[in-house]
>>> print(open('model.txt').read())   # compact mmCIF, C-alpha atoms
# COMPACT_ATOMS: atom_id res chain seq x y z
CA GLU A 1 0.00 0.00 0.00
CA ILE A 2 1.16 3.55 -0.75
CA PHE A 3 -0.03 6.43 1.42
CA TYR A 4 0.16 10.20 1.11
CA ASP A 5 0.94 12.25 4.21
CA THR A 6 -1.38 15.28 3.99
CA GLY A 7 0.54 17.12 6.67
CA LYS A 8 -2.55 17.38 8.89
CA GLU A 9 -1.83 17.15 12.59
CA ASN A 10 -5.18 15.77 13.75
CA CYS A 11 -3.78 13.30 16.25
CA SER A 12 -2.48 13.99 19.72
CA LYS A 13 -0.86 10.55 19.56
CA GLU A 14 1.85 9.30 17.25
CA CYS A 15 -0.18 7.98 14.31
CA ASN A 16 0.53 5.82 11.26
CA PRO A 17 -1.26 4.98 7.97
CA SER A 18 -3.73 2.67 9.76
CA CYS A 19 -5.03 5.61 11.84
CA SER A 20 -8.40 7.04 10.79
CA CYS A 21 -7.59 10.66 11.71
CA GLY A 22 -7.15 11.76 8.08
CA LYS A 23 -3.43 12.52 8.22
CA TYR A 24 -2.68 9.68 5.80
CA VAL A 25 -4.59 9.04 2.57
CA GLU A 26 -4.21 5.76 0.67
CA ILE A 27 -3.06 6.34 -2.93
CA TRP A 28 -2.45 2.85 -4.24
CA ASN A 29 -2.72 -0.79 -3.19
CA ASN A 30 -1.99 -4.21 -4.61
CA VAL A 31 -4.00 -7.34 -3.81
CA PHE A 32 -2.29 -10.65 -4.56
CA MET A 33 -4.85 -13.37 -5.35
CA GLN A 34 -3.20 -16.72 -4.81
CA TYR A 35 -5.69 -19.12 -3.19
CA PHE A 36 -9.21 -20.47 -3.65
CA LYS A 37 -11.19 -20.95 -0.43
CA ASP A 38 -14.08 -23.38 0.05
CA GLU A 39 -15.43 -25.53 2.91
CA LYS A 40 -12.32 -27.75 2.65
CA GLY A 41 -9.94 -24.86 3.15
CA TYR A 42 -7.42 -23.17 0.85
CA THR A 43 -6.07 -24.50 -2.45
CA PRO A 44 -3.66 -22.69 -4.81
CA LEU A 45 -5.26 -21.03 -7.85
CA LYS A 46 -4.20 -22.32 -11.26
CA GLN A 47 -3.93 -18.74 -12.43
CA LYS A 48 -2.61 -16.26 -9.90
CA ASN A 49 -3.52 -12.58 -10.24
CA VAL A 50 -2.55 -9.16 -8.97
CA ASP A 51 -5.34 -6.61 -8.59
CA THR A 52 -3.91 -3.12 -8.46
CA GLY A 53 -6.11 -0.20 -7.45
CA MET A 54 -4.80 3.32 -7.85
CA GLY A 55 -6.78 6.41 -6.90
CA LEU A 56 -6.28 8.51 -10.04
CA GLU A 57 -7.71 11.67 -8.49
CA ARG A 58 -5.69 11.13 -5.34
CA MET A 59 -2.55 10.74 -7.42
CA ALA A 60 -3.38 14.00 -9.21
CA MET A 61 -3.89 15.61 -5.80
CA LEU A 62 -0.45 14.39 -4.70
CA LEU A 63 1.31 15.57 -7.86
CA GLN A 64 -0.33 19.00 -7.69
CA GLY A 65 0.42 19.40 -4.01
CA LYS A 66 -3.25 19.66 -3.02
CA LYS A 67 -4.68 18.59 0.32
CA THR A 68 -7.93 17.08 -1.00
CA PRO A 69 -9.27 15.91 -4.41
CA PHE A 70 -11.85 18.71 -4.18
CA GLU A 71 -9.11 21.24 -4.93
CA LEU A 72 -8.56 19.64 -8.36
CA GLU A 73 -9.78 21.36 -11.53
CA MET A 74 -12.73 18.96 -11.92
CA PHE A 75 -14.22 20.03 -8.58
CA ALA A 76 -12.69 23.39 -7.61
CA PRO A 77 -14.89 25.67 -9.83
CA THR A 78 -18.05 24.03 -8.48
CA ILE A 79 -16.88 24.33 -4.87
CA SER A 80 -16.05 28.01 -5.44
CA PHE A 81 -19.44 28.61 -7.06
CA LEU A 82 -21.27 27.00 -4.12
CA GLU A 83 -19.24 29.11 -1.69
CA GLU A 84 -20.12 32.33 -3.50
CA ASN A 85 -23.81 31.51 -4.04
CA MET A 86 -24.91 29.91 -0.78
CA ASP A 87 -27.40 31.82 1.35
CA LYS A 88 -25.21 33.61 3.89
CA GLU A 89 -28.09 33.98 6.35
CA LYS A 90 -29.10 30.34 6.06
CA VAL A 91 -25.59 29.00 6.72
CA LYS A 92 -24.89 31.24 9.71
CA SER A 93 -25.76 28.38 12.05
CA LEU A 94 -23.35 25.98 10.29
CA THR A 95 -19.69 25.44 11.13
CA ARG A 96 -16.98 25.73 8.48
CA ASP A 97 -16.58 21.93 8.53
CA GLU A 98 -20.32 21.46 7.93
CA ILE A 99 -20.28 23.88 4.99
CA ASP A 100 -17.23 22.15 3.48
CA ALA A 101 -18.87 18.74 3.89
CA SER A 102 -22.07 19.90 2.15
CA GLN A 103 -20.13 21.42 -0.76
CA ARG A 104 -18.11 18.24 -1.26
CA ILE A 105 -21.18 15.97 -1.06
CA ILE A 106 -22.92 18.11 -3.69
CA ALA A 107 -19.93 18.11 -6.07
CA GLU A 108 -19.18 14.38 -5.73
CA HIS A 109 -22.75 13.07 -5.69
CA PHE A 110 -23.88 15.12 -8.68
CA ARG A 111 -20.83 14.10 -10.69
CA SER A 112 -21.40 10.40 -9.90
CA SER A 113 -25.08 10.80 -10.70
CA SER A 114 -24.32 12.53 -14.00
CA ILE A 115 -22.09 9.64 -15.09
CA MET A 116 -24.74 7.09 -14.09
CA ILE A 117 -27.46 8.94 -16.04
CA ALA A 118 -25.14 9.22 -19.07
CA ASP A 119 -24.76 5.42 -18.84
CA GLY A 120 -28.53 4.99 -19.01
CA VAL A 121 -29.48 4.70 -15.34
CA LEU A 122 -32.64 6.51 -14.22
CA PRO A 123 -33.94 7.15 -10.69
CA SER A 124 -36.17 4.35 -9.40
CA ASN A 125 -36.87 2.37 -6.23
CA THR A 126 -34.88 -0.72 -7.22
CA ASP A 127 -31.29 -1.74 -8.01
CA ARG A 128 -29.05 0.83 -9.74
CA GLY A 129 -31.90 3.29 -10.00
CA TYR A 130 -32.28 3.32 -6.23
CA ILE A 131 -28.56 4.00 -5.72
CA LEU A 132 -28.90 6.95 -8.11
CA ARG A 133 -32.02 8.20 -6.33
CA ARG A 134 -30.24 8.10 -2.96
CA LEU A 135 -27.25 10.02 -4.34
CA LEU A 136 -29.51 12.68 -5.85
CA ARG A 137 -31.67 13.03 -2.75
CA ARG A 138 -28.67 13.49 -0.50
CA ALA A 139 -27.15 16.08 -2.85
CA VAL A 140 -30.49 17.92 -3.10
CA ARG A 141 -30.74 17.95 0.67
CA HIS A 142 -27.32 19.61 0.97
CA MET A 143 -28.12 22.12 -1.78
CA ASN A 144 -31.20 23.03 0.25
CA LYS A 145 -29.09 23.18 3.40
CA LEU A 146 -26.78 25.76 1.79
CA GLY A 147 -29.71 27.70 0.37
CA ILE A 148 -28.74 27.39 -3.31
CA ASP A 149 -31.61 28.76 -5.39
CA GLU A 150 -33.17 27.34 -8.58
CA LYS A 151 -30.91 29.29 -10.93
CA GLY A 152 -27.83 28.36 -8.94
CA PHE A 153 -28.87 24.72 -8.91
CA GLU A 154 -28.82 24.41 -12.69
CA LYS A 155 -25.63 26.44 -12.95
CA ALA A 156 -23.88 24.11 -10.50
CA LEU A 157 -24.95 21.06 -12.52
CA ASN A 158 -23.49 22.57 -15.70
CA MET A 159 -20.23 23.35 -13.89
CA ILE A 160 -19.97 19.76 -12.63
CA ILE A 161 -20.40 18.45 -16.18
CA ASP A 162 -17.85 21.03 -17.44
CA GLY A 163 -15.34 19.70 -14.90
CA SER A 164 -15.41 16.12 -16.17
CA ASN A 165 -16.61 16.19 -19.78
CA MET A 166 -13.09 15.85 -21.19
CA LEU A 167 -12.66 12.61 -19.25
CA TYR A 168 -16.21 11.42 -19.94
CA VAL A 169 -17.34 12.67 -23.35
CA GLU A 170 -20.80 11.15 -22.75
CA LEU A 171 -21.46 13.90 -20.21
CA GLU A 172 -21.29 16.54 -22.94
CA GLU A 173 -23.32 14.46 -25.39
CA LYS A 174 -26.10 13.91 -22.86
CA ARG A 175 -25.86 17.19 -20.93
CA LYS A 176 -29.51 18.20 -21.50
CA ASP A 177 -30.84 14.77 -20.53
CA ILE A 178 -28.70 14.65 -17.38
CA ILE A 179 -29.86 18.08 -16.21
CA ALA A 180 -33.51 17.32 -17.02
CA VAL A 181 -33.46 14.05 -15.02
CA ILE A 182 -31.78 15.65 -11.99
CA LEU A 183 -34.07 18.70 -11.97
CA GLU A 184 -37.15 16.49 -12.18
CA GLU A 185 -35.96 14.37 -9.26
CA LYS A 186 -35.13 17.53 -7.32
CA ASP A 187 -38.59 18.99 -7.87
CA LYS A 188 -40.25 15.77 -6.68
CA PHE A 189 -38.09 15.51 -3.56
CA LEU A 190 -37.78 19.13 -2.43
CA VAL A 191 -41.26 19.28 -0.86
CA THR A 192 -40.58 16.03 1.04
CA ILE A 193 -37.20 17.14 2.36
CA THR A 194 -38.45 20.59 3.39
CA LYS A 195 -41.42 19.18 5.31
CA GLY A 196 -39.42 16.23 6.67
CA GLU A 197 -36.65 18.42 8.11
CA LYS A 198 -39.25 20.71 9.68
CA GLU A 199 -40.91 17.73 11.37
CA PHE A 200 -37.51 16.38 12.46
CA LEU A 201 -36.72 19.66 14.24
CA LYS A 202 -40.18 19.70 15.80
CA ILE A 203 -39.67 16.23 17.33
CA TYR A 204 -36.06 17.09 18.25
CA ASN A 205 -37.18 20.18 20.20
CA GLU A 206 -40.18 18.48 21.80
CA LYS A 207 -38.02 15.60 23.04
CA GLU A 208 -35.09 17.88 23.92
CA GLY A 209 -32.79 16.02 21.56
CA LYS A 210 -33.60 12.56 22.92
CA MET A 211 -34.75 11.06 19.62
CA ASP A 212 -34.61 7.35 18.87
CA GLU A 213 -34.99 4.90 15.99
CA GLN A 214 -38.79 4.98 16.26
CA ASP A 215 -38.77 8.74 15.66
CA ILE A 216 -36.60 8.40 12.55
CA PHE A 217 -38.84 5.66 11.18
CA LYS A 218 -41.97 7.69 11.93
CA LEU A 219 -40.61 10.49 9.72
CA TYR A 220 -40.30 7.96 6.90
CA GLU A 221 -43.66 6.29 7.52
CA THR A 222 -45.67 9.49 7.97
CA PHE A 223 -43.89 12.09 5.83
CA GLY A 224 -41.92 9.98 3.35
CA LEU A 225 -38.55 11.25 4.58
CA PRO A 226 -35.99 8.62 3.48
CA VAL A 227 -34.46 6.76 6.42
CA GLU A 228 -30.91 7.57 5.31
CA ILE A 229 -31.73 11.30 5.35
CA GLY A 230 -33.31 10.98 8.79
CA MET A 231 -30.20 9.21 10.06
CA GLU A 232 -27.99 11.92 8.58
CA LEU A 233 -30.05 14.62 10.31
CA ALA A 234 -29.66 12.69 13.58
CA ARG A 235 -25.88 12.40 13.18
CA GLU A 236 -25.64 16.15 12.58
CA LYS A 237 -27.31 16.62 15.98
CA ASN A 238 -24.91 14.10 17.56
CA ILE A 239 -27.74 11.59 18.04
CA LEU A 240 -26.65 7.97 17.76
CA VAL A 241 -29.23 5.73 16.08
CA ASP A 242 -28.93 2.03 15.33
CA GLU A 243 -29.48 1.32 11.63
CA LYS A 244 -30.28 -2.33 12.36
CA LYS A 245 -33.12 -1.32 14.69
CA ILE A 246 -34.57 0.94 11.99
CA GLU A 247 -34.28 -1.92 9.52
CA LYS A 248 -36.29 -4.16 11.90
CA LEU A 249 -38.98 -1.47 12.15
CA TYR A 250 -39.09 -1.30 8.37
CA LEU A 251 -39.42 -5.09 8.00
CA HIS A 252 -42.17 -5.12 10.63
CA HIS A 253 -43.95 -2.33 8.75
CA GLN A 254 -43.71 -4.33 5.50
CA GLU A 255 -45.09 -7.43 7.19
CA GLN A 256 -48.03 -5.49 8.62
CA SER A 257 -48.79 -4.00 5.23
CA ARG A 258 -48.60 -7.43 3.59
CA SER A 259 -50.90 -8.98 6.22
CA GLY A 260 -53.36 -6.15 5.84
CA SER A 261 -53.49 -6.45 2.07
CA GLU A 262 -54.28 -10.16 2.37
CA LYS A 263 -57.42 -9.40 4.43
CA LYS A 264 -60.62 -7.84 3.19
CA PHE A 265 -60.74 -4.07 3.42
CA LYS A 266 -63.71 -3.54 5.76
CA GLY A 267 -63.96 0.24 5.66
CA GLY A 268 -61.14 0.82 8.12
CA LEU A 269 -57.51 1.70 7.40
CA LEU A 270 -54.51 -0.50 8.10
CA ASN A 271 -52.87 2.54 9.64
CA HIS A 272 -53.52 6.26 9.69
CA ASN A 273 -50.28 7.68 8.40
CA GLU A 274 -50.52 10.53 5.91
CA MET A 275 -49.78 8.45 2.83
CA THR A 276 -52.37 5.76 3.65
CA VAL A 277 -55.06 8.41 4.19
CA LYS A 278 -54.17 10.06 0.87
CA TYR A 279 -54.38 6.75 -1.01
CA HIS A 280 -57.71 5.98 0.66
CA THR A 281 -59.13 9.38 -0.31
CA ALA A 282 -57.83 9.03 -3.87
CA THR A 283 -59.54 5.63 -4.12
CA HIS A 284 -62.92 7.15 -3.20
CA LEU A 285 -62.44 9.95 -5.73
CA LEU A 286 -61.52 7.45 -8.43
CA HIS A 287 -64.56 5.28 -7.66
CA LYS A 288 -66.88 8.29 -7.84
CA ALA A 289 -65.36 9.40 -11.17
CA LEU A 290 -65.80 5.89 -12.60
CA GLN A 291 -69.45 5.84 -11.50
CA ILE A 292 -70.10 9.21 -13.13
CA VAL A 293 -68.37 8.25 -16.42
CA LEU A 294 -69.28 4.56 -16.69
CA GLY A 295 -72.41 4.30 -14.59
>>> encode(input="model.txt", output="structure tokens")
Amino acid sequence: EIFYDTGKENCSKECNPSCSCGKYVEIWNNVFMQYFKDEKGYTPLKQKNVDTGMGLERMAMLLQGKKTPFELEMFAPTISFLEENMDKEKVKSLTRDEIDASQRIIAEHFRSSSIMIADGVLPSNTDRGYILRRLLRRAVRHMNKLGIDEKGFEKALNMIIDGSNMLYVELEEKRKDIIAVILEEKDKFLVTITKGEKEFLKIYNEKEGKMDEQDIFKLYETFGLPVEIGMELAREKNILVDEKKIEKLYLHHQEQSRSGSEKKFKGGLLNHNEMTVKYHTATHLLHKALQIVLG
């Protein structure tokens, strides 16, 4: 393994490359594949391989004497733009580290998303599409956190594509499609994130910061706030939540929904969360419309 010493002095102790303080950044590693393992143990491979993984952007960072990849030409203009165009009043409550983190998440997530969309992936609730949707939602959340307006949003997307379109020519070829997909996803999610964060703060204040996994899941169940966003909000308030406990709540919720759908719907609701009530109301409206049109 090859590491780069960033020069940061984050540790009070004498640290080494295995320390997680951020002083050392891995640049390159080699993995020697020599054995096959099964229930009988290890046997030598007929063909032995070396898998070498080099961080190209980290190498560029090293050669240019930068401290992070976000100072490279593919990211730096976007970071500068976000710094200049964020809502100064809105970010007053944020620390410098929080602002930096939001800017980097935006730049990295939107670039990754742009490449995925150029490769034909679209936001959905399954497989690759769900990974893309999660990236976009997190980036949108941090754009909202910095107070970047509609005009700035589109400008930032164009700058991100400008930063990588010489490496990935598909980004230039599909620029309009990429921006259209991201803006559509943003528009669909912005209402949810705005309301969800408001409800998070309401619960946080009511419980004096003593939120738990049930609270995070309730935000998902009632207001559609993605669990990963709820967990991120909790971490920012130094609240520790157990992802496995939330996953159990989710599985229990799925099982309840499945059991309910197998029974006859006798006029009552399986639960009374906002989404269930909306679906129920929509069903009545649809039935009435069908009666009027079809008799």
>>> residues_around(input="model.txt", residues="Met61 of chain A", least_positions_apart="5", cutoff="9 Å", atoms="all atoms listed in the file", output="VMD selection string")
chain A and resid 56 66 to 72
>>> write_last_selection(input="model.txt", atoms="C-alpha atoms", output="JSON list (two decimals), keeping the file's coordinate frame")
[["chain", "number", "residue", "atom", "x", "y", "z"],
["A", 56, "LEU", "CA", -6.28, 8.51, -10.04],
["A", 66, "LYS", "CA", -3.25, 19.66, -3.02],
["A", 67, "LYS", "CA", -4.68, 18.59, 0.32],
["A", 68, "THR", "CA", -7.93, 17.08, -1.00],
["A", 69, "PRO", "CA", -9.27, 15.91, -4.41],
["A", 70, "PHE", "CA", -11.85, 18.71, -4.18],
["A", 71, "GLU", "CA", -9.11, 21.24, -4.93],
["A", 72, "LEU", "CA", -8.56, 19.64, -8.36]]
>>> residues_around(input="model.txt", residues="segment 26-30 of chain A", least_positions_apart="3", cutoff="8 Å", atoms="all atoms listed in the file", output="number ranges by chain")
A: 1-4, 17, 50-55, 58-59
>>> residues_around(input="model.txt", residues="Lys186 of chain A", least_positions_apart="5", cutoff="9 Å", atoms="all atoms listed in the file", output="PyMOL selection string")
chain A and resi 136-137+140+181
>>> residues_near_point(input="model.txt", point="(0.6, -13.2, -3.1)", cutoff="9 Å", atoms="only C-alpha atoms", output="short mmCIF file (atom, residue, chain, number, x, y, z; two decimals) with C-alpha atoms, keeping the file's coordinate frame")
data_model
loop_
_atom_site.label_atom_id
_atom_site.label_comp_id
_atom_site.auth_asym_id
_atom_site.auth_seq_id
_atom_site.Cartn_x
_atom_site.Cartn_y
_atom_site.Cartn_z
CA VAL A 31 -4.00 -7.34 -3.81
CA PHE A 32 -2.29 -10.65 -4.56
CA MET A 33 -4.85 -13.37 -5.35
CA GLN A 34 -3.20 -16.72 -4.81
CA TYR A 35 -5.69 -19.12 -3.19
CA LYS A 48 -2.61 -16.26 -9.90
CA ASN A 49 -3.52 -12.58 -10.24
CA VAL A 50 -2.55 -9.16 -8.97
#
>>> closest_residue(input="model.txt", among="A:Cys19, A:Leu146, A:Leu157, A:Val227", to="Ala180 of chain A", atoms="only C-alpha atoms")
A:Leu157
>>> residues_around(input="model.txt", residues="Lys174 of chain A", least_positions_apart="4", cutoff="8 Å", atoms="only C-alpha atoms", output="list of chain:residue names")
A:Ala118, A:Glu170, A:Ile178
>>> closest_residue(input="model.txt", among="A:Arg141, A:Lys37, A:Arg134, A:Arg235", to="Asp212 of chain A", atoms="all atoms listed in the file")
A:Arg235
>>> residues_around(input="model.txt", residues="segment 213-221 of chain A", least_positions_apart="5", cutoff="12 Å", atoms="only C-alpha atoms", output="mmCIF file with C-alpha atoms, in the frame of the given file")
data_model
loop_
_atom_site.group_PDB
_atom_site.id
_atom_site.type_symbol
_atom_site.label_atom_id
_atom_site.label_comp_id
_atom_site.auth_asym_id
_atom_site.auth_seq_id
_atom_site.Cartn_x
_atom_site.Cartn_y
_atom_site.Cartn_z
ATOM 1 C CA THR A 192 -40.580 16.030 1.040
ATOM 2 C CA ILE A 193 -37.200 17.140 2.360
ATOM 3 C CA LYS A 195 -41.420 19.180 5.310
ATOM 4 C CA GLY A 196 -39.420 16.230 6.670
ATOM 5 C CA GLU A 197 -36.650 18.420 8.110
ATOM 6 C CA LYS A 198 -39.250 20.710 9.680
ATOM 7 C CA GLU A 199 -40.910 17.730 11.370
ATOM 8 C CA PHE A 200 -37.510 16.380 12.460
ATOM 9 C CA LEU A 201 -36.720 19.660 14.240
ATOM 10 C CA LYS A 202 -40.180 19.700 15.800
ATOM 11 C CA ILE A 203 -39.670 16.230 17.330
ATOM 12 C CA TYR A 204 -36.060 17.090 18.250
ATOM 13 C CA GLU A 206 -40.180 18.480 21.800
ATOM 14 C CA LYS A 207 -38.020 15.600 23.040
ATOM 15 C CA PRO A 226 -35.990 8.620 3.480
ATOM 16 C CA VAL A 227 -34.460 6.760 6.420
ATOM 17 C CA GLU A 228 -30.910 7.570 5.310
ATOM 18 C CA ILE A 229 -31.730 11.300 5.350
ATOM 19 C CA GLY A 230 -33.310 10.980 8.790
ATOM 20 C CA MET A 231 -30.200 9.210 10.060
ATOM 21 C CA GLU A 232 -27.990 11.920 8.580
ATOM 22 C CA LEU A 233 -30.050 14.620 10.310
ATOM 23 C CA ALA A 234 -29.660 12.690 13.580
ATOM 24 C CA ARG A 235 -25.880 12.400 13.180
ATOM 25 C CA ILE A 239 -27.740 11.590 18.040
ATOM 26 C CA LEU A 240 -26.650 7.970 17.760
ATOM 27 C CA VAL A 241 -29.230 5.730 16.080
ATOM 28 C CA ASP A 242 -28.930 2.030 15.330
ATOM 29 C CA GLU A 243 -29.480 1.320 11.630
ATOM 30 C CA LYS A 244 -30.280 -2.330 12.360
ATOM 31 C CA LYS A 245 -33.120 -1.320 14.690
ATOM 32 C CA ILE A 246 -34.570 0.940 11.990
ATOM 33 C CA GLU A 247 -34.280 -1.920 9.520
ATOM 34 C CA LYS A 248 -36.290 -4.160 11.900
ATOM 35 C CA LEU A 249 -38.980 -1.470 12.150
ATOM 36 C CA TYR A 250 -39.090 -1.300 8.370
ATOM 37 C CA LEU A 251 -39.420 -5.090 8.000
ATOM 38 C CA HIS A 252 -42.170 -5.120 10.630
ATOM 39 C CA HIS A 253 -43.950 -2.330 8.750
ATOM 40 C CA GLN A 254 -43.710 -4.330 5.500
ATOM 41 C CA SER A 257 -48.790 -4.000 5.230
ATOM 42 C CA ASN A 271 -52.870 2.540 9.640
ATOM 43 C CA HIS A 272 -53.520 6.260 9.690
ATOM 44 C CA ASN A 273 -50.280 7.680 8.400
ATOM 45 C CA GLU A 274 -50.520 10.530 5.910
ATOM 46 C CA MET A 275 -49.780 8.450 2.830
ATOM 47 C CA THR A 276 -52.370 5.760 3.650
#
>>> closest_residue(input="model.txt", among="A:Pro123, A:Gly129, A:Gly147, A:Pro77", to="Ile160 of chain A", atoms="only C-alpha atoms")
A:Pro77
>>> atom_distance(input="model.txt", atom1="atom CA of Phe189 of chain A", atom2="atom CA of Lys278 of chain A")
17.5 Å
>>> closest_residue(input="model.txt", among="A:Ser112, A:Thr283, A:Ser102, A:Asn144", to="Lys90 of chain A", atoms="all atoms listed in the file")
A:Asn144
>>> atom_distance(input="model.txt", atom1="atom CA of Phe75 of chain A", atom2="atom CA of Glu185 of chain A")
22.5 Å
>>> closest_residue(input="model.txt", among="A:Asn205, A:Ser113, A:Thr222, A:Thr281", to="Ile131 of chain A", atoms="all atoms listed in the file")
A:Ser113
>>> atom_distance(input="model.txt", atom1="atom CA of Ser114 of chain A", atom2="atom CA of Ile161 of chain A")
7.4 Å
>>> decode(input="model.txt", residues="segment 244-252 of chain A", atoms="all heavy atoms", output="PDB file, in the first residue's frame")
ATOM      1  N   LYS A 244     -29.669  -1.007  12.342  1.00  0.00           N
ATOM      2  CA  LYS A 244     -30.284  -2.335  12.362  1.00  0.00           C
ATOM      3  C   LYS A 244     -31.663  -2.297  13.020  1.00  0.00           C
ATOM      4  O   LYS A 244     -32.586  -3.007  12.608  1.00  0.00           O
ATOM      5  CB  LYS A 244     -29.371  -3.331  13.084  1.00  0.00           C
ATOM      6  CG  LYS A 244     -28.118  -3.666  12.293  1.00  0.00           C
ATOM      7  CD  LYS A 244     -27.281  -4.717  12.990  1.00  0.00           C
ATOM      8  CE  LYS A 244     -26.049  -5.065  12.148  1.00  0.00           C
ATOM      9  NZ  LYS A 244     -25.191  -6.059  12.820  1.00  0.00           N
ATOM     10  N   LYS A 245     -31.820  -1.449  14.031  1.00  0.00           N
ATOM     11  CA  LYS A 245     -33.120  -1.316  14.695  1.00  0.00           C
ATOM     12  C   LYS A 245     -34.142  -0.686  13.745  1.00  0.00           C
ATOM     13  O   LYS A 245     -35.304  -1.086  13.708  1.00  0.00           O
ATOM     14  CB  LYS A 245     -32.993  -0.471  15.961  1.00  0.00           C
ATOM     15  CG  LYS A 245     -32.302  -1.176  17.113  1.00  0.00           C
ATOM     16  CD  LYS A 245     -32.289  -0.312  18.357  1.00  0.00           C
ATOM     17  CE  LYS A 245     -31.596  -1.023  19.513  1.00  0.00           C
ATOM     18  NZ  LYS A 245     -31.554  -0.176  20.732  1.00  0.00           N
ATOM     19  N   ILE A 246     -33.683   0.302  12.970  1.00  0.00           N
ATOM     20  CA  ILE A 246     -34.568   0.941  11.994  1.00  0.00           C
ATOM     21  C   ILE A 246     -34.962  -0.062  10.914  1.00  0.00           C
ATOM     22  O   ILE A 246     -36.110  -0.097  10.460  1.00  0.00           O
ATOM     23  CB  ILE A 246     -33.896   2.184  11.375  1.00  0.00           C
ATOM     24  CG1 ILE A 246     -33.665   3.240  12.454  1.00  0.00           C
ATOM     25  CG2 ILE A 246     -34.745   2.757  10.246  1.00  0.00           C
ATOM     26  CD1 ILE A 246     -32.922   4.466  11.977  1.00  0.00           C
ATOM     27  N   GLU A 247     -34.005  -0.899  10.534  1.00  0.00           N
ATOM     28  CA  GLU A 247     -34.279  -1.922   9.516  1.00  0.00           C
ATOM     29  C   GLU A 247     -35.339  -2.906  10.020  1.00  0.00           C
ATOM     30  O   GLU A 247     -36.234  -3.319   9.278  1.00  0.00           O
ATOM     31  CB  GLU A 247     -32.991  -2.678   9.181  1.00  0.00           C
ATOM     32  CG  GLU A 247     -33.119  -3.585   7.976  1.00  0.00           C
ATOM     33  CD  GLU A 247     -31.799  -4.246   7.610  1.00  0.00           C
ATOM     34  OE1 GLU A 247     -30.741  -3.656   7.888  1.00  0.00           O
ATOM     35  OE2 GLU A 247     -31.849  -5.347   7.049  1.00  0.00           O
ATOM     36  N   LYS A 248     -35.288  -3.262  11.309  1.00  0.00           N
ATOM     37  CA  LYS A 248     -36.285  -4.159  11.900  1.00  0.00           C
ATOM     38  C   LYS A 248     -37.667  -3.503  11.891  1.00  0.00           C
ATOM     39  O   LYS A 248     -38.682  -4.168  11.620  1.00  0.00           O
ATOM     40  CB  LYS A 248     -35.890  -4.520  13.331  1.00  0.00           C
ATOM     41  CG  LYS A 248     -34.764  -5.539  13.415  1.00  0.00           C
ATOM     42  CD  LYS A 248     -34.458  -5.882  14.871  1.00  0.00           C
ATOM     43  CE  LYS A 248     -33.320  -6.898  14.954  1.00  0.00           C
ATOM     44  NZ  LYS A 248     -32.977  -7.213  16.366  1.00  0.00           N
ATOM     45  N   LEU A 249     -37.711  -2.204  12.183  1.00  0.00           N
ATOM     46  CA  LEU A 249     -38.979  -1.475  12.154  1.00  0.00           C
ATOM     47  C   LEU A 249     -39.555  -1.479  10.740  1.00  0.00           C
ATOM     48  O   LEU A 249     -40.762  -1.626  10.546  1.00  0.00           O
ATOM     49  CB  LEU A 249     -38.772  -0.032  12.630  1.00  0.00           C
ATOM     50  CG  LEU A 249     -38.501   0.162  14.124  1.00  0.00           C
ATOM     51  CD1 LEU A 249     -38.060   1.604  14.400  1.00  0.00           C
ATOM     52  CD2 LEU A 249     -39.732  -0.180  14.952  1.00  0.00           C
ATOM     53  N   TYR A 250     -38.665  -1.322   9.764  1.00  0.00           N
ATOM     54  CA  TYR A 250     -39.093  -1.301   8.371  1.00  0.00           C
ATOM     55  C   TYR A 250     -39.659  -2.663   7.952  1.00  0.00           C
ATOM     56  O   TYR A 250     -40.705  -2.744   7.306  1.00  0.00           O
ATOM     57  CB  TYR A 250     -37.929  -0.909   7.473  1.00  0.00           C
ATOM     58  CG  TYR A 250     -38.283  -0.821   6.004  1.00  0.00           C
ATOM     59  CD1 TYR A 250     -39.040   0.239   5.511  1.00  0.00           C
ATOM     60  CD2 TYR A 250     -37.875  -1.810   5.113  1.00  0.00           C
ATOM     61  CE1 TYR A 250     -39.375   0.314   4.171  1.00  0.00           C
ATOM     62  CE2 TYR A 250     -38.215  -1.746   3.767  1.00  0.00           C
ATOM     63  CZ  TYR A 250     -38.963  -0.674   3.309  1.00  0.00           C
ATOM     64  OH  TYR A 250     -39.297  -0.606   1.979  1.00  0.00           O
ATOM     65  N   LEU A 251     -38.960  -3.733   8.340  1.00  0.00           N
ATOM     66  CA  LEU A 251     -39.419  -5.090   7.999  1.00  0.00           C
ATOM     67  C   LEU A 251     -40.756  -5.392   8.667  1.00  0.00           C
ATOM     68  O   LEU A 251     -41.637  -6.019   8.074  1.00  0.00           O
ATOM     69  CB  LEU A 251     -38.365  -6.118   8.423  1.00  0.00           C
ATOM     70  CG  LEU A 251     -37.051  -6.095   7.626  1.00  0.00           C
ATOM     71  CD1 LEU A 251     -36.022  -7.026   8.259  1.00  0.00           C
ATOM     72  CD2 LEU A 251     -37.291  -6.478   6.164  1.00  0.00           C
ATOM     73  N   HIS A 252     -40.914  -4.933   9.916  1.00  0.00           N
ATOM     74  CA  HIS A 252     -42.171  -5.124  10.631  1.00  0.00           C
ATOM     75  C   HIS A 252     -43.303  -4.371   9.932  1.00  0.00           C
ATOM     76  O   HIS A 252     -44.420  -4.879   9.783  1.00  0.00           O
ATOM     77  CB  HIS A 252     -42.031  -4.632  12.069  1.00  0.00           C
ATOM     78  CG  HIS A 252     -43.287  -4.745  12.879  1.00  0.00           C
ATOM     79  ND1 HIS A 252     -43.864  -5.959  13.215  1.00  0.00           N
ATOM     80  CD2 HIS A 252     -44.101  -3.789  13.416  1.00  0.00           C
ATOM     81  CE1 HIS A 252     -44.958  -5.749  13.920  1.00  0.00           C
ATOM     82  NE2 HIS A 252     -45.128  -4.438  14.054  1.00  0.00           N
TER      83      HIS A 252
END
